[in-house]
Amino acid sequence: MSLEMFVQHIFNALTLGSLYGLIAIGYTMVYGILRLINFAHGDIFMLGAYFVFYAVVLIKLPWAVAVVLAVVLSAVCGVFVDRIAYRPLRDAPRISALISAIGVSFFIENLALVVFTGLPKPVYRPDWLVEVITVKNIRILPLALIVPVIAFFLVMGLLWVIYKTKPGLAMRSISKDIETTRLMGVSVDKIIALTFALGSALAAASGIMWALRYPQIQPFMGVFPGFKAFIAAVLGGIGSIEGAMIGGMLLGLIEIMAVAFFPALSGYRDAFAFVLLIVILLMKPTGLMGEKLEEKV
Amino acid sequence: MTDRTYVLETRDVMIRFGGLTAVNNFNIAVPEGSIVGLIGPNGAGKTTCFNIITGFYKPTQGEVLLEGRPITGLPPHKVCAAGIARTFQNIRLFYNETVLQNVMIGGFVRQKSAWWMPPLLVPSCTREEAVLREKAMKLLESVGLADLANETSSSLPYGAQRRLEIVRALATEPKFLLLDEPAAGMNPQESQELMAFIKKIRTDFNITILLIEHDMKVVMGVCEHIWVLDYGVLIAEGNPEQIRSNPKVIEAYLGEEATQNA
Amino acid sequence: MKTNDKPRYLLPSLAAIAILALFLWWANENLDNYKLQILNLIAINSILALSLNLIYGFTGMFSLGHAGFMAIGAYVSSLLILPPIQKEMIYIIQPLIWPFSVMQAPFFIAVLAGGVAAALLGLIIAMPVLRLGGDYLGIATLGFAEIIRVVFTNLTPITNGALGLKGIPDYANIWWNYGWCLLTLFFMIRLVNSNFGNVLKAIRDDEVAARAMGINTFKYRVVSFSIGAFFAGIGGALMASLVTTIDPKMFGFLLTFNVLMIVVAGGLGSLTGSILGSAVITILLEWLRFVENPIDIGAFHLDGIPGMRMVIFSLLLIMIILFRREGIMGMRELSWDSVLRRFSRGGEAR
């Protein structure tokens with residue numbers, strides 16, 4: 001493979017990896033606090049993309065405003081899902097919340113199917129983002145350069161919130177010991193809502209950028225990226241935000257590079273992530289934290 | 001004395017969790033047919049010792065011998081099959097099952113039938129289960145729970161649940177029985193009954209019993225030999241008289257108990 | 001109605017089966033194809049629900065990979081009953097490789113083979129995956145199901161890839177379906193009511209205590225998982241013959257979701273619940289079609305909303321989990337004892 005092709009693939013991988021990573025962060029934050037795999041998270045990703053689409057097409061908002069609105073709206077949706085479908089089950093067996101999450105995910109997908117219809121919608125892309133730049137025979141979309149950068153800043157922003165603010169401190173505290181945090185007077189429910197809001201906002205951002213990169217949106221577009229992002233979160237160490245991003249990058253790299261070097265495998269591309277998952281789960285790696293706690297006998 | 005007279009022996013058992021040595025130099029030898037006790041302040045490591053003996057923890061060093069045969073490092077189900085049964089500090093019944101089912105589950109380890117026999121209606125399996133059911137009912141009768149056989153175990157009052165847990169352990173036909181705080185939460189009347197019960201099962205079932213207990217009346221009333229654990233190390237052993245008057249023990253533990261139990 | 005171990009219940013059970021047979025004969029003669037299809041689906045869904053209930057409701061393993069086992073059962077069985085001429089016709093991209101191109105078997109053997117193949121896969125998956133607990137087990141089994149689906153989509157010389165198999169002989173009539181259903185039910189009743197069944201429930205209730213009682217919990221989880229996989233394969237095989245067309249897309253997470261829904265709605269840990277849940281959910285899914293068709297009420301015309309069925313369905317699952325987690329039956333069973341007690345005393349059945 002030529003150097004040019006290789007560089008192009010790398011940029012593709014970085015883009016894809018960033019998108020996975022942004023979604024993965026939401027999974028890892030919620031799992032770290034609630035020990036819940038939020039199946040509906042991938043669907044917030046999808047909603048973000050659709051909100052922008054309708055804001056631009058129906059309400060005729062300028063694209064930048066539409067993006068901000070969509071992110072906020074998605075954050076609200078995330079909080080709403082927690083409030084309705086997860087919070088009542090805080091004291092129930094964990095599996096109940098998981099089943100509820102599956103139900104919510106299907107609900108959102110099918111509601112989207114009814115409201116938005118299943119026809120893939122073409123997405124508005126600002127021209128400057130999609131005009132190919134050519135540098136020394138390497139053809140790159142400006143988008144492929146911008147996505148990783150934006151993702152980087154978003155993650156930095158999130159890390160600032162987590163490590164430098166009081167709500168962030170509360171979030172870290174809850175993931176260590178929810179009962180004690182409650183006893184310290186922290187409004188645990190509010191902080192959990194904040195966690196969902198932040199995670200959902202990132203997922204929506206990812207969805208919006210995904211739609212720019214792969215400009216056909218449909219109601220089930222969040223299913224596979226969602227699964228894969230969760231796997232990325234596990235890969236990076238569930239509960240760790242940096243890990244989620246690294247896991248996402250790694251997964252993006254593997255997906256793009258494996259198919260680039262072995263084109264015959266392209267049909268199996270979606271399976272890579274799942275194979276990776278099985279392998280991680282089996283190998284007792286540092287990636288898998290906390291779940292193997294010995295039960296007190 | 002040969003190893004044969006000791007049902008259970010531990011030799012220099014030590015366990016470390018990360019940087020913390022929870023138990024060290026744990027050496028006990030339990031004579032066959034005796035009732036013995038392991039006492040010590042909270043957090044001394046008594047349940048940890050139980051967990052090591054029953055295979056839930058693997059000791060960092062040392063050996064555990066059952067009737068002279070090493071069982072160190074065997075998984076819990078194999079330890080049970082070898083002949084050690086236990087109860088738990090916080091009662092661990094199978095709460096969705098009935099009283100009878102709990103006991104029958106205890107008897108499973110001694111069943112010879114395979115899992116595929118019931119669907120194929122193999123007669124020997126049906127017979128074996130009928131026999132097991134009878135045995136289970138007899139066990140329940142011995143603790144006065146036979147009338148509640150078909151009640152869900154979670155509906156039983158606390159004292160009955162404790163008795164059920166003991167009887168479930170007995171269903172595994174053990175040589176050696178570990179009881180983890182069997183008198184917890186019992187009033188003096190119940191404790192008296194428990195003491196008599198422990199002595200009875202030792203005779204009726206021909207087994208050796210080791211208890212962890214905080215209730216000194218029960219310990220002194222029932223144990224022939226007592227080990228005292230403090231911060232993971234044995235600080236004393238002997239018969240009840242010796243332990244009662246041992247200054248080290250009183251200092252570590254018994255002193256507080258004595259004032260409380262007055 | 002469930003049988004008890006005691007032989008004195010043999011007669012009532014046989015009578016019940018006879019009544020069922022009469023009903024099925026009547027249905028076969030008199031009901032239209034649509035209603036018959038629903039009856040068939042109820043039987044097959046019952047098999048699927050029972051198999052998932054064994055794994056999840058009785059043994060406590062949250063497995064989300066059921067569609068994978070169904071896929072294996074469906075493909076293996078179909079490949080054995082498709083006539084060679086049909087195989088030549090449908091494998092247009094790449095011909096079916098030998099020996100699959102010539103293998104044939106009678107329907108009963110084919111379905112059985114589907115079950116066995118699924119069980120073998122279950123065994124292979126179980127060994128590494130069953131050490132995981134709770135949510136991770138769910139994701140890992142889901143992962144495996146997806147891997148199977150992707151593999152089937154790409155193994156064109158064997159599975160015909162994305163095109164799938166068409167023209168599968170429709171041997172799965174009401175007798176085969178209910179026959180297999182009764183067989184599955186009988187197996188499950190005997191298993192669950194035996195002490196081995198108690199052991200599975202013990203593993204579900206408190207694995208630590210089970211191990212302390214001498215139970216090799218890992219081994220029996222593998223056994224339970226493989227048995228569940230076997231019957232899922234049977235269900236898949238029958239379904240393939242019922243709908244006569246299969247492709248890998250059918251065996252996605254939605255299929256597992258449907259079976260999970262039935263098990264939860266019926267009651268985790270209740271065999272009766274699985275049968276009832278299957279009947280209720282299958283009929284409900286069909287009945288809900290009305291929201292997708294236009295309705296005329298007097299002067300009002302309501303357009304049908306396509307896709308609304310699944311919206312309501314998923315909402316239903318959320319409602320059940322939030323407000324009645326135990327489903328219809330909880331962990332209770334309908335048995336001859338409970339029926340007699342209700343009739344003789346008019347009191348609460350156990």
# chains A, B, ... in the order shown; residues from 1 in each chain; ligands from 1
>>> closest_atom_pairs(of="chain B", to="chain A", cutoff="8 Å", atoms="only C-alpha atoms", output="Markdown table")
| residue | atom | partner | partner_atom | distance |
| --- | --- | --- | --- | --- |
| B:Asn51 | CA | A:Val297 | CA | 7.4 |
| B:Phe56 | CA | A:Val297 | CA | 7.8 |
| B:Phe88 | CA | A:Val297 | CA | 7.8 |
>>> closest_atom_pairs(of="chain C", to="chain A", cutoff="8 Å", atoms="only C-alpha atoms", output="Markdown table")
| residue | atom | partner | partner_atom | distance |
| --- | --- | --- | --- | --- |
| C:Phe62 | CA | A:Ile95 | CA | 7.8 |
| C:Pro128 | CA | A:Leu282 | CA | 6.5 |
| C:Val129 | CA | A:Leu282 | CA | 7.3 |
| C:Leu132 | CA | A:Leu281 | CA | 7.9 |
| C:Gly134 | CA | A:Ile95 | CA | 7.2 |
| C:Asp135 | CA | A:Ile95 | CA | 7.3 |
| C:Ala140 | CA | A:Ile278 | CA | 6.2 |
| C:Gly143 | CA | A:Phe274 | CA | 5.0 |
| C:Phe144 | CA | A:Phe274 | CA | 7.1 |
| C:Glu146 | CA | A:Ala271 | CA | 7.0 |
| C:Ile147 | CA | A:Ala271 | CA | 5.3 |
| C:Val150 | CA | A:Tyr268 | CA | 6.3 |
| C:Val151 | CA | A:Tyr268 | CA | 7.0 |
| C:Asn154 | CA | A:Gly267 | CA | 6.3 |
| C:Val208 | CA | A:Val297 | CA | 7.1 |
| C:Ile305 | CA | A:Val114 | CA | 7.1 |
| C:Pro306 | CA | A:Val114 | CA | 6.6 |
| C:Gly307 | CA | A:Val114 | CA | 5.5 |
| C:Met308 | CA | A:Val114 | CA | 6.4 |
| C:Met310 | CA | A:Asn110 | CA | 6.2 |
| C:Val311 | CA | A:Phe107 | CA | 5.3 |
| C:Ile312 | CA | A:Phe107 | CA | 7.9 |
| C:Ser314 | CA | A:Phe107 | CA | 5.1 |
| C:Leu315 | CA | A:Phe107 | CA | 6.2 |
| C:Leu317 | CA | A:Gly103 | CA | 5.9 |
| C:Ile318 | CA | A:Ser100 | CA | 5.4 |
| C:Ile321 | CA | A:Ser100 | CA | 6.3 |
| C:Leu322 | CA | A:Leu89 | CA | 7.1 |
| C:Arg325 | CA | A:Ser96 | CA | 7.7 |
>>> interface_residues(of="chain C", to="chain B", cutoff="10 Å", atoms="only C-alpha atoms", output="MDAnalysis selection string")
chainID C and resid 5 183:184 186:217 220 223:224 331 350
>>> closest_residue(among="C:Ile17, C:Leu39, C:Leu276, C:Met319", to="Ile174 of chain C", atoms="only C-alpha atoms")
C:Leu39
>>> atom_distance(atom1="atom CA of Ala170 of chain A", atom2="atom CA of Thr28 of chain A")
16.1 Å
>>> residues_around(residues="His9 of chain A", least_positions_apart="4", cutoff="9 Å", atoms="only C-alpha atoms", output="ChimeraX atom specification")
/A:4-5,13-14,253,256-257,260
